$ cat coords-v7.pdb   # PDB, C-alpha atoms
ATOM      1  CA  MET A   1     148.269  93.222 121.785
ATOM      2  CA  GLY A   2     147.135  92.949 125.415
ATOM      3  CA  ARG A   3     143.973  91.083 124.469
ATOM      4  CA  ASN A   4     145.886  88.428 122.504
ATOM      5  CA  LEU A   5     148.219  87.876 125.457
ATOM      6  CA  ILE A   6     145.278  87.367 127.870
ATOM      7  CA  GLU A   7     143.597  84.964 125.435
ATOM      8  CA  THR A   8     146.825  82.996 125.062
ATOM      9  CA  ILE A   9     147.305  82.762 128.830
ATOM     10  CA  MET A  10     143.691  81.689 129.371
ATOM     11  CA  GLY A  11     143.995  79.055 126.619
ATOM     12  CA  ALA A  12     147.147  77.690 128.231
ATOM     13  CA  VAL A  13     145.408  77.540 131.634
ATOM     14  CA  VAL A  14     142.441  75.651 130.101
ATOM     15  CA  LEU A  15     144.791  73.156 128.406
ATOM     16  CA  LEU A  16     146.764  72.700 131.635
ATOM     17  CA  VAL A  17     143.592  72.002 133.650
ATOM     18  CA  ALA A  18     142.332  69.589 130.961
ATOM     19  CA  GLY A  19     145.671  67.746 130.984
ATOM     20  CA  PHE A  20     145.608  67.508 134.777
ATOM     21  CA  PHE A  21     142.052  66.129 134.626
ATOM     22  CA  LEU A  22     143.024  63.451 132.080
ATOM     23  CA  VAL A  23     146.033  62.324 134.129
ATOM     24  CA  PHE A  24     143.910  62.184 137.292
ATOM     25  CA  ALA A  25     141.092  60.259 135.573
ATOM     26  CA  TYR A  26     143.509  57.710 134.071
ATOM     27  CA  SER A  27     145.264  57.140 137.379
ATOM     28  CA  GLN A  28     141.964  56.611 139.239
ATOM     29  CA  ALA A  29     140.260  54.436 136.602
ATOM     30  CA  ASP A  30     142.567  51.426 137.090
ATOM     31  CA  LEU A  31     142.545  50.733 133.348
ATOM     32  CA  GLY A  32     145.920  49.031 133.184
ATOM     33  CA  ALA A  33     146.293  45.295 132.727
ATOM     34  CA  VAL A  34     147.043  43.344 135.880
ATOM     35  CA  LYS A  35     150.562  41.922 135.973
ATOM     36  CA  GLY A  36     150.743  38.501 137.545
ATOM     37  CA  TYR A  37     150.553  34.809 136.751
ATOM     38  CA  THR A  38     148.381  33.406 133.970
ATOM     39  CA  VAL A  39     145.586  30.850 134.148
ATOM     40  CA  LYS A  40     143.258  29.481 131.478
ATOM     41  CA  ALA A  41     139.593  28.517 131.462
ATOM     42  CA  SER A  42     137.441  26.928 128.716
ATOM     43  CA  PHE A  43     133.877  28.027 127.981
ATOM     44  CA  LEU A  44     131.291  27.032 125.375
ATOM     45  CA  SER A  45     130.255  30.685 125.082
ATOM     46  CA  VAL A  46     131.969  33.874 126.245
ATOM     47  CA  GLY A  47     129.161  36.189 125.091
ATOM     48  CA  GLY A  48     131.218  39.149 123.898
ATOM     49  CA  LEU A  49     133.952  39.127 126.553
ATOM     50  CA  GLN A  50     136.716  41.506 125.456
ATOM     51  CA  ASN A  51     140.482  41.273 125.821
ATOM     52  CA  GLY A  52     141.441  43.534 128.707
ATOM     53  CA  GLY A  53     138.177  42.740 130.490
ATOM     54  CA  GLU A  54     138.195  42.454 134.250
ATOM     55  CA  VAL A  55     138.560  39.305 136.331
ATOM     56  CA  ARG A  56     136.803  39.745 139.688
ATOM     57  CA  ILE A  57     136.372  37.983 142.989
ATOM     58  CA  ASN A  58     133.377  39.255 144.980
ATOM     59  CA  GLY A  59     133.269  42.386 142.814
ATOM     60  CA  ILE A  60     136.943  43.294 143.321
ATOM     61  CA  LYS A  61     139.266  43.364 140.323
ATOM     62  CA  VAL A  62     141.995  40.751 140.763
ATOM     63  CA  GLY A  63     143.031  40.259 137.161
ATOM     64  CA  SER A  64     142.403  40.924 133.515
ATOM     65  CA  VAL A  65     141.665  38.942 130.364
ATOM     66  CA  ILE A  66     144.824  38.624 128.263
ATOM     67  CA  ASP A  67     143.470  36.865 125.190
ATOM     68  CA  GLN A  68     140.943  34.405 123.832
ATOM     69  CA  ALA A  69     141.349  31.538 121.397
ATOM     70  CA  ILE A  70     139.456  28.575 120.005
ATOM     71  CA  ASP A  71     140.596  25.111 121.078
ATOM     72  CA  PRO A  72     140.952  23.268 117.745
ATOM     73  CA  ALA A  73     140.036  19.894 119.284
ATOM     74  CA  SER A  74     136.891  20.823 121.245
ATOM     75  CA  PHE A  75     135.993  24.153 119.573
ATOM     76  CA  SER A  76     135.507  25.715 122.984
ATOM     77  CA  ALA A  77     136.627  29.255 123.788
ATOM     78  CA  VAL A  78     139.818  29.306 125.852
ATOM     79  CA  VAL A  79     140.245  32.482 127.899
ATOM     80  CA  ARG A  80     143.703  33.308 129.230
ATOM     81  CA  MET A  81     143.750  35.586 132.289
ATOM     82  CA  SER A  82     146.407  37.349 134.310
ATOM     83  CA  ILE A  83     145.834  37.130 138.088
ATOM     84  CA  ARG A  84     147.511  39.306 140.729
ATOM     85  CA  PRO A  85     150.478  37.481 142.283
ATOM     86  CA  ASP A  86     149.122  37.896 145.829
ATOM     87  CA  ILE A  87     145.909  35.979 144.936
ATOM     88  CA  HIS A  88     146.326  32.190 145.181
ATOM     89  CA  LEU A  89     143.310  30.504 143.609
ATOM     90  CA  PRO A  90     142.205  27.168 145.115
ATOM     91  CA  ALA A  91     142.122  24.236 142.676
ATOM     92  CA  ASP A  92     138.301  24.042 142.855
ATOM     93  CA  THR A  93     137.752  27.685 141.844
ATOM     94  CA  MET A  94     134.828  28.257 139.483
ATOM     95  CA  ALA A  95     134.970  30.782 136.618
ATOM     96  CA  VAL A  96     131.761  32.366 135.296
ATOM     97  CA  ILE A  97     131.262  34.851 132.471
ATOM     98  CA  ALA A  98     129.084  37.603 133.959
ATOM     99  CA  SER A  99     127.675  40.932 132.796
ATOM    100  CA  ASP A 100     127.474  44.413 134.305
ATOM    101  CA  GLY A 101     123.718  44.808 133.771
ATOM    102  CA  LEU A 102     121.858  44.793 130.463
ATOM    103  CA  LEU A 103     124.166  47.178 128.634
ATOM    104  CA  GLY A 104     127.320  46.652 130.671
ATOM    105  CA  GLY A 105     130.471  44.883 129.594
ATOM    106  CA  LYS A 106     131.291  41.263 130.283
ATOM    107  CA  PHE A 107     133.809  40.111 132.873
ATOM    108  CA  VAL A 108     135.056  36.880 134.421
ATOM    109  CA  GLN A 109     133.728  36.243 137.935
ATOM    110  CA  LEU A 110     135.815  33.843 140.001
ATOM    111  CA  ALA A 111     134.281  31.922 142.889
ATOM    112  CA  PRO A 112     137.149  30.448 144.926
ATOM    113  CA  GLY A 113     136.580  27.028 146.410
ATOM    114  CA  ARG A 114     137.901  25.505 149.610
ATOM    115  CA  SER A 115     140.640  23.234 148.269
ATOM    116  CA  SER A 116     144.033  23.371 149.959
ATOM    117  CA  GLN A 117     145.737  22.936 146.580
ATOM    118  CA  VAL A 118     146.210  26.033 144.437
ATOM    119  CA  ILE A 119     146.140  26.539 140.686
ATOM    120  CA  PRO A 120     149.746  26.981 139.520
ATOM    121  CA  ALA A 121     150.983  29.538 137.014
ATOM    122  CA  ASP A 122     149.815  28.566 133.514
ATOM    123  CA  GLY A 123     147.279  26.272 135.193
ATOM    124  CA  ILE A 124     143.702  25.585 134.160
ATOM    125  CA  ILE A 125     140.478  26.478 135.946
ATOM    126  CA  ALA A 126     138.504  23.284 135.388
ATOM    127  CA  ASN A 127     135.134  24.417 136.813
ATOM    128  CA  THR A 128     133.483  26.881 134.436
ATOM    129  CA  LYS A 129     129.978  28.120 133.812
ATOM    130  CA  ASN A 130     129.064  29.390 130.361
ATOM    131  CA  PHE A 131     127.603  32.788 129.580
ATOM    132  CA  LYS A 132     123.841  32.894 129.119
ATOM    133  CA  SER A 133     122.407  35.616 126.938
ATOM    134  CA  LEU A 134     119.311  37.573 127.875
ATOM    135  CA  GLU A 135     117.324  35.661 125.248
ATOM    136  CA  GLU A 136     118.313  32.311 126.739
ATOM    137  CA  MET A 137     117.345  33.407 130.255
ATOM    138  CA  VAL A 138     113.973  34.764 129.101
ATOM    139  CA  GLY A 139     113.337  31.510 127.238
ATOM    140  CA  GLU A 140     114.081  29.495 130.379
ATOM    141  CA  ILE A 141     111.752  31.668 132.464
ATOM    142  CA  ILE A 142     108.957  31.261 129.924
ATOM    143  CA  PHE A 143     109.526  27.490 129.823
ATOM    144  CA  LEU A 144     109.469  27.263 133.623
ATOM    145  CA  ALA A 145     106.336  29.415 133.831
ATOM    146  CA  THR A 146     104.462  27.336 131.267
ATOM    147  CA  ASP A 147     105.713  24.039 132.728
ATOM    148  CA  THR A 148     104.726  25.014 136.286
ATOM    149  CA  GLY A 149     101.261  26.078 135.101
ATOM    150  CA  GLY A 150     100.769  22.719 133.341
ATOM    151  CA  SER A 151     101.914  20.751 136.395
ATOM    152  CA  LYS A 152      99.433  22.527 138.655
ATOM    153  CA  GLN A 153      96.522  21.826 136.331
ATOM    154  CA  GLY A 154      97.479  18.164 135.887
ATOM    155  CA  GLY A 155      97.967  17.609 139.628
ATOM    156  CA  GLY A 156      94.542  19.007 140.585
ATOM    157  CA  GLY A 157      92.542  16.921 138.131
ATOM    158  CA  GLY A 158      93.462  13.411 139.359
TER     159      GLY A 158
END

$ encode --input "coords-v7.pdb" --output "structure tokens"
Amino acid sequence: MGRNLIETIMGAVVLLVAGFFLVFAYSQADLGAVKGYTVKASFLSVGGLQNGGEVRINGIKVGSVIDQAIDPASFSAVVRMSIRPDIHLPADTMAVIASDGLLGGKFVQLAPGRSSQVIPADGIIANTKNFKSLEEMVGEIIFLATDTGGSKQGGGGG
């Protein structure tokens, strides 16, 4: 009887510590969606951006992706984001789909401009840069390397 009581107490202690760890990890991970005003941005390619993904300025999370849709007129991807209410984005802000390394998730990187006008709630970020996949970047590097090599040979022969 005494052994079962000790095992029960130890099991309860393990479950209590595990529960405390989960609550601590969730509170420190900042996984919740940012509550604030919404803005939209259109991209030709979002490259696997997920709903709930982060919106960052200089690496600091200032918002989250609410949803994505296809514009029926232009067939571009429209990303709707929630931005913290204390962040006032200038009208010439640029939005870029970026990646956390080769295997990392995608996020929206905002590069604020210098305009004195701000983007209002439910406004549109007009300046966007589309996501480039690894294959596209490698293809560009190969093209530049072969083009530069051809230019050097042609310039030295004449």

$ closest_residue --input "coords-v7.pdb" --among "A:His88, A:Lys61, A:Lys106, A:Lys35" --to "A:Leu49" --atoms "only C-alpha atoms"
A:Lys106

$ atom_distance --input "coords-v7.pdb" --atom1 "atom CA of A:Phe131" --atom2 "atom CA of A:Ala95"
10.4 Å

$ residues_around --input "coords-v7.pdb" --residues "A:Phe43" --least-positions-apart "4" --cutoff "10 Å" --atoms "all atoms listed in the file" --output "number ranges by chain"
A: 47, 70, 75-79, 95-97, 126-131

$ residues_around --input "coords-v7.pdb" --residues "A:Ser115" --least-positions-apart "2" --cutoff "9 Å" --atoms "all atoms listed in the file" --output "PDB file with C-alpha atoms, in the frame of the given file"
ATOM      1  CA  PRO A  90     142.205  27.168 145.115  1.00  0.00           C
ATOM      2  CA  ALA A  91     142.122  24.236 142.676  1.00  0.00           C
ATOM      3  CA  ASP A  92     138.301  24.042 142.855  1.00  0.00           C
ATOM      4  CA  THR A  93     137.752  27.685 141.844  1.00  0.00           C
ATOM      5  CA  PRO A 112     137.149  30.448 144.926  1.00  0.00           C
ATOM      6  CA  GLY A 113     136.580  27.028 146.410  1.00  0.00           C
ATOM      7  CA  GLN A 117     145.737  22.936 146.580  1.00  0.00           C
ATOM      8  CA  VAL A 118     146.210  26.033 144.437  1.00  0.00           C
TER       9      VAL A 118
END

$ resolve_selection --input "coords-v7.pdb" --expression "the PyMOL selection byres ((chain A and resi 133) around 10)" --output "PyMOL selection string"
chain A and resi 45-48+98-99+102+130-132+134-139

$ atom_distance --input "coords-v7.pdb" --atom1 "atom CA of A:Asp86" --atom2 "atom CA of A:Asn51"
22.1 Å

$ closest_residue --input "coords-v7.pdb" --among "A:Leu5, A:Leu22, A:Val14, A:Ile66" --to "A:Val34" --atoms "only C-alpha atoms"
A:Ile66

$ atom_distance --input "coords-v7.pdb" --atom1 "atom CA of A:Glu7" --atom2 "atom CA of A:Gly19"
18.2 Å

$ resolve_selection --input "coords-v7.pdb" --expression "the PyMOL selection byres ((chain A and resi 80) around 8)" --output "list in words"
Thr38, Val39, Lys40, Ala41, Val65, Ile66, Asp67, Gln68, Val78, Val79, Met81 and Ser82 of chain A

$ resolve_selection --input "coords-v7.pdb" --expression "the PyMOL selection byres ((chain A and resi 58) around 8)" --output "ChimeraX atom specification"
/A:56-57,59-60,109-111

$ write_last_selection --input "coords-v7.pdb" --atoms "C-alpha atoms" --output "PDB file, in the coordinates of the input"
ATOM      1  CA  ARG A  56     136.803  39.745 139.688  1.00  0.00           C
ATOM      2  CA  ILE A  57     136.372  37.983 142.989  1.00  0.00           C
ATOM      3  CA  GLY A  59     133.269  42.386 142.814  1.00  0.00           C
ATOM      4  CA  ILE A  60     136.943  43.294 143.321  1.00  0.00           C
ATOM      5  CA  GLN A 109     133.728  36.243 137.935  1.00  0.00           C
ATOM      6  CA  LEU A 110     135.815  33.843 140.001  1.00  0.00           C
ATOM      7  CA  ALA A 111     134.281  31.922 142.889  1.00  0.00           C
TER       8      ALA A 111
END

$ closest_residue --input "coords-v7.pdb" --among "A:Ala121, A:Ala145, A:Leu89, A:Ile9" --to "A:Gly36" --atoms "only C-alpha atoms"
A:Ala121

$ axis_aligned_box --input "coords-v7.pdb" --around "stretch 72-86 of chain A" --padding-each-side "5 Å" --output "lines of an AutoDock Vina configuration file"
center_x = 143.0
center_y = 29.6
center_z = 131.8
size_x = 25.0
size_y = 29.4
size_z = 38.1

$ build_atoms --input "coords-v7.pdb" --residues "stretch 105-136 of chain A" --atoms "N, CA and C atoms" --output "PDB file, keeping the file's coordinate frame"
ATOM      1  N   GLY A 105     129.505  45.789 130.175  1.00  0.00           N
ATOM      2  CA  GLY A 105     130.471  44.883 129.594  1.00  0.00           C
ATOM      3  C   GLY A 105     130.501  43.549 130.315  1.00  0.00           C
ATOM      4  N   LYS A 106     131.153  42.594 129.698  1.00  0.00           N
ATOM      5  CA  LYS A 106     131.291  41.263 130.283  1.00  0.00           C
ATOM      6  C   LYS A 106     132.588  41.193 131.071  1.00  0.00           C
ATOM      7  N   PHE A 107     132.610  40.336 132.083  1.00  0.00           N
ATOM      8  CA  PHE A 107     133.809  40.111 132.873  1.00  0.00           C
ATOM      9  C   PHE A 107     133.811  38.671 133.357  1.00  0.00           C
ATOM     10  N   VAL A 108     134.943  38.231 133.879  1.00  0.00           N
ATOM     11  CA  VAL A 108     135.056  36.880 134.421  1.00  0.00           C
ATOM     12  C   VAL A 108     134.930  36.982 135.942  1.00  0.00           C
ATOM     13  N   GLN A 109     133.944  36.295 136.486  1.00  0.00           N
ATOM     14  CA  GLN A 109     133.728  36.243 137.935  1.00  0.00           C
ATOM     15  C   GLN A 109     134.313  34.940 138.453  1.00  0.00           C
ATOM     16  N   LEU A 110     135.228  35.038 139.400  1.00  0.00           N
ATOM     17  CA  LEU A 110     135.815  33.843 140.001  1.00  0.00           C
ATOM     18  C   LEU A 110     135.178  33.588 141.358  1.00  0.00           C
ATOM     19  N   ALA A 111     134.822  32.339 141.594  1.00  0.00           N
ATOM     20  CA  ALA A 111     134.281  31.922 142.889  1.00  0.00           C
ATOM     21  C   ALA A 111     135.252  30.910 143.476  1.00  0.00           C
ATOM     22  N   PRO A 112     136.155  31.365 144.362  1.00  0.00           N
ATOM     23  CA  PRO A 112     137.149  30.448 144.926  1.00  0.00           C
ATOM     24  C   PRO A 112     136.494  29.346 145.743  1.00  0.00           C
ATOM     25  N   GLY A 113     137.069  28.164 145.641  1.00  0.00           N
ATOM     26  CA  GLY A 113     136.580  27.028 146.410  1.00  0.00           C
ATOM     27  C   GLY A 113     137.308  26.920 147.737  1.00  0.00           C
ATOM     28  N   ARG A 114     137.308  25.722 148.296  1.00  0.00           N
ATOM     29  CA  ARG A 114     137.901  25.505 149.610  1.00  0.00           C
ATOM     30  C   ARG A 114     139.086  24.539 149.569  1.00  0.00           C
ATOM     31  N   SER A 115     139.548  24.182 148.396  1.00  0.00           N
ATOM     32  CA  SER A 115     140.640  23.234 148.269  1.00  0.00           C
ATOM     33  C   SER A 115     141.926  23.805 148.857  1.00  0.00           C
ATOM     34  N   SER A 116     142.745  22.926 149.421  1.00  0.00           N
ATOM     35  CA  SER A 116     144.033  23.371 149.959  1.00  0.00           C
ATOM     36  C   SER A 116     145.079  23.465 148.852  1.00  0.00           C
ATOM     37  N   GLN A 117     144.830  22.831 147.721  1.00  0.00           N
ATOM     38  CA  GLN A 117     145.737  22.936 146.580  1.00  0.00           C
ATOM     39  C   GLN A 117     145.405  24.200 145.799  1.00  0.00           C
ATOM     40  N   VAL A 118     146.422  24.810 145.208  1.00  0.00           N
ATOM     41  CA  VAL A 118     146.210  26.033 144.437  1.00  0.00           C
ATOM     42  C   VAL A 118     146.480  25.772 142.960  1.00  0.00           C
ATOM     43  N   ILE A 119     145.906  26.621 142.122  1.00  0.00           N
ATOM     44  CA  ILE A 119     146.140  26.539 140.686  1.00  0.00           C
ATOM     45  C   ILE A 119     147.508  27.161 140.410  1.00  0.00           C
ATOM     46  N   PRO A 120     148.418  26.427 139.776  1.00  0.00           N
ATOM     47  CA  PRO A 120     149.746  26.981 139.520  1.00  0.00           C
ATOM     48  C   PRO A 120     149.733  27.963 138.358  1.00  0.00           C
ATOM     49  N   ALA A 121     150.836  28.660 138.176  1.00  0.00           N
ATOM     50  CA  ALA A 121     150.983  29.538 137.014  1.00  0.00           C
ATOM     51  C   ALA A 121     150.833  28.705 135.750  1.00  0.00           C
ATOM     52  N   ASP A 122     150.154  29.243 134.771  1.00  0.00           N
ATOM     53  CA  ASP A 122     149.815  28.566 133.514  1.00  0.00           C
ATOM     54  C   ASP A 122     148.908  27.362 133.749  1.00  0.00           C
ATOM     55  N   GLY A 123     148.207  27.348 134.878  1.00  0.00           N
ATOM     56  CA  GLY A 123     147.279  26.272 135.193  1.00  0.00           C
ATOM     57  C   GLY A 123     145.923  26.493 134.532  1.00  0.00           C
ATOM     58  N   ILE A 124     145.033  25.556 134.779  1.00  0.00           N
ATOM     59  CA  ILE A 124     143.702  25.585 134.160  1.00  0.00           C
ATOM     60  C   ILE A 124     142.640  25.596 135.253  1.00  0.00           C
ATOM     61  N   ILE A 125     141.656  26.476 135.091  1.00  0.00           N
ATOM     62  CA  ILE A 125     140.478  26.478 135.946  1.00  0.00           C
ATOM     63  C   ILE A 125     139.500  25.492 135.312  1.00  0.00           C
ATOM     64  N   ALA A 126     139.306  24.364 135.965  1.00  0.00           N
ATOM     65  CA  ALA A 126     138.504  23.284 135.388  1.00  0.00           C
ATOM     66  C   ALA A 126     137.002  23.546 135.510  1.00  0.00           C
ATOM     67  N   ASN A 127     136.561  24.171 136.595  1.00  0.00           N
ATOM     68  CA  ASN A 127     135.134  24.417 136.813  1.00  0.00           C
ATOM     69  C   ASN A 127     134.741  25.734 136.162  1.00  0.00           C
ATOM     70  N   THR A 128     133.937  25.667 135.117  1.00  0.00           N
ATOM     71  CA  THR A 128     133.483  26.881 134.436  1.00  0.00           C
ATOM     72  C   THR A 128     131.982  26.822 134.230  1.00  0.00           C
ATOM     73  N   LYS A 129     131.399  27.992 134.103  1.00  0.00           N
ATOM     74  CA  LYS A 129     129.978  28.120 133.812  1.00  0.00           C
ATOM     75  C   LYS A 129     129.864  29.060 132.619  1.00  0.00           C
ATOM     76  N   ASN A 130     129.133  28.642 131.608  1.00  0.00           N
ATOM     77  CA  ASN A 130     129.064  29.390 130.361  1.00  0.00           C
ATOM     78  C   ASN A 130     128.164  30.609 130.483  1.00  0.00           C
ATOM     79  N   PHE A 131     128.405  31.574 129.616  1.00  0.00           N
ATOM     80  CA  PHE A 131     127.603  32.788 129.580  1.00  0.00           C
ATOM     81  C   PHE A 131     126.233  32.477 129.008  1.00  0.00           C
ATOM     82  N   LYS A 132     125.201  33.017 129.641  1.00  0.00           N
ATOM     83  CA  LYS A 132     123.841  32.894 129.119  1.00  0.00           C
ATOM     84  C   LYS A 132     123.363  34.264 128.685  1.00  0.00           C
ATOM     85  N   SER A 133     122.909  34.349 127.448  1.00  0.00           N
ATOM     86  CA  SER A 133     122.407  35.616 126.938  1.00  0.00           C
ATOM     87  C   SER A 133     121.033  35.913 127.534  1.00  0.00           C
ATOM     88  N   LEU A 134     120.618  37.147 127.377  1.00  0.00           N
ATOM     89  CA  LEU A 134     119.311  37.573 127.875  1.00  0.00           C
ATOM     90  C   LEU A 134     118.198  36.744 127.233  1.00  0.00           C
ATOM     91  N   GLU A 135     118.339  36.442 125.949  1.00  0.00           N
ATOM     92  CA  GLU A 135     117.324  35.661 125.248  1.00  0.00           C
ATOM     93  C   GLU A 135     117.203  34.256 125.834  1.00  0.00           C
ATOM     94  N   GLU A 136     118.344  33.649 126.154  1.00  0.00           N
ATOM     95  CA  GLU A 136     118.313  32.311 126.739  1.00  0.00           C
ATOM     96  C   GLU A 136     117.640  32.318 128.111  1.00  0.00           C
TER      97      GLU A 136
END
